[in-house]
$ cat model19.txt   # compact mmCIF, C-alpha atoms
# COMPACT_ATOMS: atom_id res chain seq x y z
CA MET A 126 36.94 40.17 -3.00
CA THR A 127 35.79 37.15 -1.14
CA ARG A 128 38.09 34.29 -0.34
CA GLN A 129 37.86 31.26 -2.58
CA LYS A 130 38.02 27.94 -0.80
CA ARG A 131 39.20 25.01 -2.91
CA GLY A 132 38.94 22.04 -0.59
CA VAL A 133 36.34 20.15 -2.61
CA THR A 134 38.00 20.84 -5.96
CA LYS A 135 41.44 19.87 -4.71
CA ARG A 136 40.18 16.64 -3.20
CA LYS A 137 38.40 15.77 -6.45
CA THR A 138 41.61 16.32 -8.46
CA HIS A 139 43.69 14.30 -6.02
CA LYS A 140 41.22 11.42 -6.05
CA LYS A 141 41.22 11.41 -9.85
CA PHE A 142 45.01 11.11 -10.06
CA LEU A 143 45.12 8.50 -7.32
CA ALA A 144 42.49 6.49 -9.20
CA TYR A 145 44.67 6.58 -12.33
CA ALA A 146 47.61 5.38 -10.23
CA SER A 147 45.71 2.60 -8.49
CA GLY A 148 47.80 -0.23 -9.94
CA PHE A 149 51.20 1.32 -9.21
CA ARG A 150 53.55 -0.01 -6.55
CA GLY A 151 54.57 1.60 -3.29
CA ARG A 152 53.85 5.25 -2.54
CA SER A 153 53.22 5.86 -6.23
CA SER A 154 49.65 4.77 -5.70
CA THR A 155 48.99 6.49 -2.37
CA CYS A 156 50.97 9.75 -2.26
CA TYR A 157 49.45 12.42 -4.53
CA ARG A 158 52.63 14.19 -5.60
CA ILE A 159 54.45 10.98 -6.53
CA ALA A 160 51.32 9.51 -8.11
CA ARG A 161 50.86 12.55 -10.32
CA ASN A 162 54.44 12.36 -11.59
CA ARG A 163 54.13 8.65 -12.30
CA VAL A 164 50.75 9.04 -14.04
CA GLU A 165 52.03 11.83 -16.28
CA LYS A 166 55.12 9.77 -17.16
CA ALA A 167 52.88 6.77 -17.88
CA TRP A 168 50.81 8.93 -20.24
CA GLN A 169 53.99 10.00 -22.05
CA HIS A 170 55.04 6.38 -22.47
CA ALA A 171 51.57 5.40 -23.66
CA TYR A 172 51.65 8.13 -26.32
CA ASP A 173 55.12 7.15 -27.53
CA HIS A 174 54.35 3.44 -27.57
CA ARG A 175 51.19 3.92 -29.62
CA LYS A 176 53.45 5.38 -32.31
CA GLN A 177 56.05 2.64 -31.81
CA LYS A 178 53.43 -0.07 -32.15
CA THR A 179 52.55 1.01 -35.68
CA ARG A 180 56.24 1.02 -36.65
CA GLU A 181 56.77 -2.46 -35.23
CA PHE A 182 53.71 -3.88 -36.98
CA ARG A 183 54.80 -2.37 -40.29
CA SER A 184 58.19 -4.04 -39.99
CA LEU A 185 56.47 -7.33 -39.10
CA PHE A 186 54.28 -7.06 -42.21
CA ILE A 187 57.36 -6.38 -44.33
CA GLN A 188 59.15 -9.43 -42.90
CA ARG A 189 56.16 -11.66 -43.61
CA ILE A 190 55.78 -10.41 -47.18
CA SER A 191 59.49 -10.75 -47.77
CA ALA A 192 59.54 -14.35 -46.53
CA ALA A 193 56.56 -15.30 -48.69
CA VAL A 194 57.94 -13.61 -51.80
CA ARG A 195 61.44 -15.09 -51.43
CA SER A 196 59.99 -18.57 -51.63
CA MET A 197 58.69 -17.59 -55.09
CA GLY A 198 62.02 -16.29 -56.38
CA LEU A 199 61.55 -12.54 -55.84
CA ASN A 200 62.78 -10.12 -53.24
CA TYR A 201 60.66 -7.66 -51.26
CA SER A 202 61.68 -4.44 -52.99
CA ARG A 203 61.16 -5.87 -56.47
CA PHE A 204 57.74 -7.20 -55.44
CA MET A 205 56.63 -3.86 -53.97
CA ASN A 206 57.86 -2.12 -57.12
CA LEU A 207 55.68 -4.45 -59.21
CA VAL A 208 52.72 -3.82 -56.91
CA SER A 209 53.04 -0.04 -57.20
CA LYS A 210 53.53 -0.16 -60.99
CA ALA A 211 50.42 -2.33 -61.31
CA GLY A 212 48.48 0.29 -59.33
CA LEU A 213 47.22 -2.13 -56.69
CA GLU A 214 45.63 -0.47 -53.65
CA LEU A 215 46.71 -3.23 -51.24
CA ASN A 216 48.63 -2.13 -48.18
CA ARG A 217 51.32 -4.17 -46.43
CA LYS A 218 48.93 -5.45 -43.76
CA VAL A 219 46.57 -6.93 -46.33
CA LEU A 220 49.43 -8.40 -48.35
CA SER A 221 50.94 -10.07 -45.27
CA GLN A 222 47.58 -11.51 -44.21
CA MET A 223 47.07 -12.79 -47.73
CA ALA A 224 50.51 -14.42 -47.67
CA ILE A 225 49.70 -16.22 -44.40
CA LEU A 226 46.00 -17.04 -44.65
CA GLU A 227 45.60 -17.49 -48.42
CA PRO A 228 48.93 -18.62 -49.87
CA GLU A 229 47.40 -19.79 -53.16
CA THR A 230 45.81 -16.40 -53.81
CA PHE A 231 49.07 -14.69 -52.92
CA LYS A 232 50.97 -16.99 -55.26
CA ASN A 233 48.53 -16.18 -58.08
CA LEU A 234 49.00 -12.48 -57.37
CA VAL A 235 52.78 -12.76 -57.53
CA ASN A 236 52.61 -14.78 -60.76
CA SER A 237 50.25 -12.29 -62.39
CA LEU A 238 52.53 -9.38 -61.41
CA THR A 239 55.66 -11.07 -62.74
CA LYS A 240 54.03 -11.98 -66.06
CA ALA A 241 52.75 -8.46 -66.70
$ encode --input "model19.txt" --output "structure tokens"
Amino acid sequence: MTRQKRGVTKRKTHKKFLAYASGFRGRSSTCYRIARNRVEKAWQHAYDHRKQKTREFRSLFIQRISAAVRSMGLNYSRFMNLVSKAGLELNRKVLSQMAILEPETFKNLVNSLTKA
């Protein structure tokens, strides 16, 4: 079997990882072995934080809805129970935006749910 030389391939891989690490500090952006470790760790954090971001936004939406509903004499869990019993297909993001941007519409929604 003939010998396989990998110089070009290896250089291409190294350059790719060093390009990913271009904004890092110290040897993390210049030394391949350190850069690769840092880049892989950064990818792990990016994956985890994408999941965390959705959790944090959901809790923010819940806080906003809760604050808006409390001013109308209800609490959050009772309001969401009324929403689910009414069969509304509005998620928490839409409800929170409605509470902030269109308070009159939100108030009418709450009143109609409490009357029914």
$ closest_atom_pairs --input "model19.txt" --of "region 153-192 of chain A" --to "region 221-230 of chain A" --cutoff "9 Å" --atoms "all atoms listed in the file" --output "Markdown table"
| residue | atom | partner | partner_atom | distance |
| --- | --- | --- | --- | --- |
| A:Leu185 | CA | A:Ser221 | CA | 8.7 |
| A:Phe186 | CA | A:Ser221 | CA | 5.4 |
| A:Ile187 | CA | A:Ser221 | CA | 7.5 |
| A:Gln188 | CA | A:Ser221 | CA | 8.6 |
| A:Arg189 | CA | A:Ser221 | CA | 5.7 |
| A:Ile190 | CA | A:Ser221 | CA | 5.2 |
| A:Ser191 | CA | A:Ser221 | CA | 8.9 |
$ atom_distance --input "model19.txt" --atom1 "CA of Cys156 (chain A)" --atom2 "CA of His139 (chain A)"
9.4 Å
$ atom_distance --input "model19.txt" --atom1 "CA of Asn236 (chain A)" --atom2 "CA of Leu215 (chain A)"
16.1 Å
$ residues_around --input "model19.txt" --residues "Arg158 (chain A)" --least-positions-apart "2" --cutoff "12 Å" --atoms "only C-alpha atoms" --output "list of chain:residue names"
A:Thr138, A:His139, A:Lys140, A:Phe142, A:Leu143, A:Ala146, A:Arg152, A:Ser153, A:Ser154, A:Thr155, A:Cys156, A:Ala160, A:Arg161, A:Asn162, A:Arg163, A:Val164, A:Glu165
$ closest_residue --input "model19.txt" --among "A:Val219, A:Ala193, A:Val208, A:Ala171" --to "Ala241 (chain A)" --atoms "all atoms listed in the file"
A:Val208
$ atom_distance --input "model19.txt" --atom1 "CA of Met205 (chain A)" --atom2 "CA of Leu220 (chain A)"
10.2 Å
$ closest_residue --input "model19.txt" --among "A:Lys141, A:Lys166, A:Lys240, A:Arg195" --to "Ala211 (chain A)" --atoms "only C-alpha atoms"
A:Lys240
$ closest_residue --input "model19.txt" --among "A:Lys130, A:Lys135, A:Lys218, A:Arg203" --to "Arg183 (chain A)" --atoms "all atoms listed in the file"
A:Lys218
$ build_atoms --input "model19.txt" --residues "region 167-186 of chain A" --atoms "N, CA and C atoms" --output "short mmCIF file (atom, residue, chain, number, x, y, z; two decimals), in the frame of the given file"
data_model
loop_
_atom_site.label_atom_id
_atom_site.label_comp_id
_atom_site.auth_asym_id
_atom_site.auth_seq_id
_atom_site.Cartn_x
_atom_site.Cartn_y
_atom_site.Cartn_z
N ALA A 167 53.55 7.91 -17.24
CA ALA A 167 52.88 6.77 -17.88
C ALA A 167 52.13 7.23 -19.13
N TRP A 168 51.51 8.40 -19.07
CA TRP A 168 50.81 8.93 -20.24
C TRP A 168 51.78 9.23 -21.37
N GLN A 169 52.97 9.74 -21.03
CA GLN A 169 53.99 10.00 -22.05
C GLN A 169 54.41 8.70 -22.73
N HIS A 170 54.65 7.67 -21.91
CA HIS A 170 55.04 6.38 -22.47
C HIS A 170 53.93 5.80 -23.33
N ALA A 171 52.69 5.94 -22.89
CA ALA A 171 51.57 5.40 -23.66
C ALA A 171 51.48 6.08 -25.02
N TYR A 172 51.68 7.39 -25.05
CA TYR A 172 51.65 8.13 -26.32
C TYR A 172 52.76 7.65 -27.25
N ASP A 173 53.97 7.58 -26.72
CA ASP A 173 55.12 7.15 -27.53
C ASP A 173 54.94 5.73 -28.04
N HIS A 174 54.45 4.85 -27.19
CA HIS A 174 54.35 3.44 -27.57
C HIS A 174 53.22 3.18 -28.55
N ARG A 175 52.20 4.04 -28.57
CA ARG A 175 51.19 3.92 -29.62
C ARG A 175 51.82 4.17 -30.98
N LYS A 176 52.75 5.11 -31.05
CA LYS A 176 53.45 5.38 -32.31
C LYS A 176 54.41 4.23 -32.64
N GLN A 177 55.10 3.73 -31.62
CA GLN A 177 56.05 2.64 -31.81
C GLN A 177 55.36 1.37 -32.30
N LYS A 178 54.15 1.14 -31.79
CA LYS A 178 53.43 -0.07 -32.15
C LYS A 178 53.17 -0.13 -33.64
N THR A 179 52.80 1.00 -34.24
CA THR A 179 52.55 1.01 -35.68
C THR A 179 53.82 0.72 -36.45
N ARG A 180 54.96 1.28 -35.98
CA ARG A 180 56.24 1.02 -36.65
C ARG A 180 56.60 -0.47 -36.58
N GLU A 181 56.41 -1.06 -35.40
CA GLU A 181 56.77 -2.46 -35.23
C GLU A 181 55.89 -3.38 -36.07
N PHE A 182 54.60 -3.06 -36.15
CA PHE A 182 53.71 -3.88 -36.98
C PHE A 182 54.07 -3.75 -38.45
N ARG A 183 54.42 -2.54 -38.89
CA ARG A 183 54.80 -2.37 -40.29
C ARG A 183 56.02 -3.22 -40.62
N SER A 184 57.01 -3.23 -39.72
CA SER A 184 58.19 -4.04 -39.99
C SER A 184 57.86 -5.53 -39.97
N LEU A 185 56.91 -5.93 -39.12
CA LEU A 185 56.47 -7.33 -39.10
C LEU A 185 55.80 -7.70 -40.42
N PHE A 186 54.94 -6.81 -40.93
CA PHE A 186 54.28 -7.06 -42.21
C PHE A 186 55.31 -7.20 -43.32
#
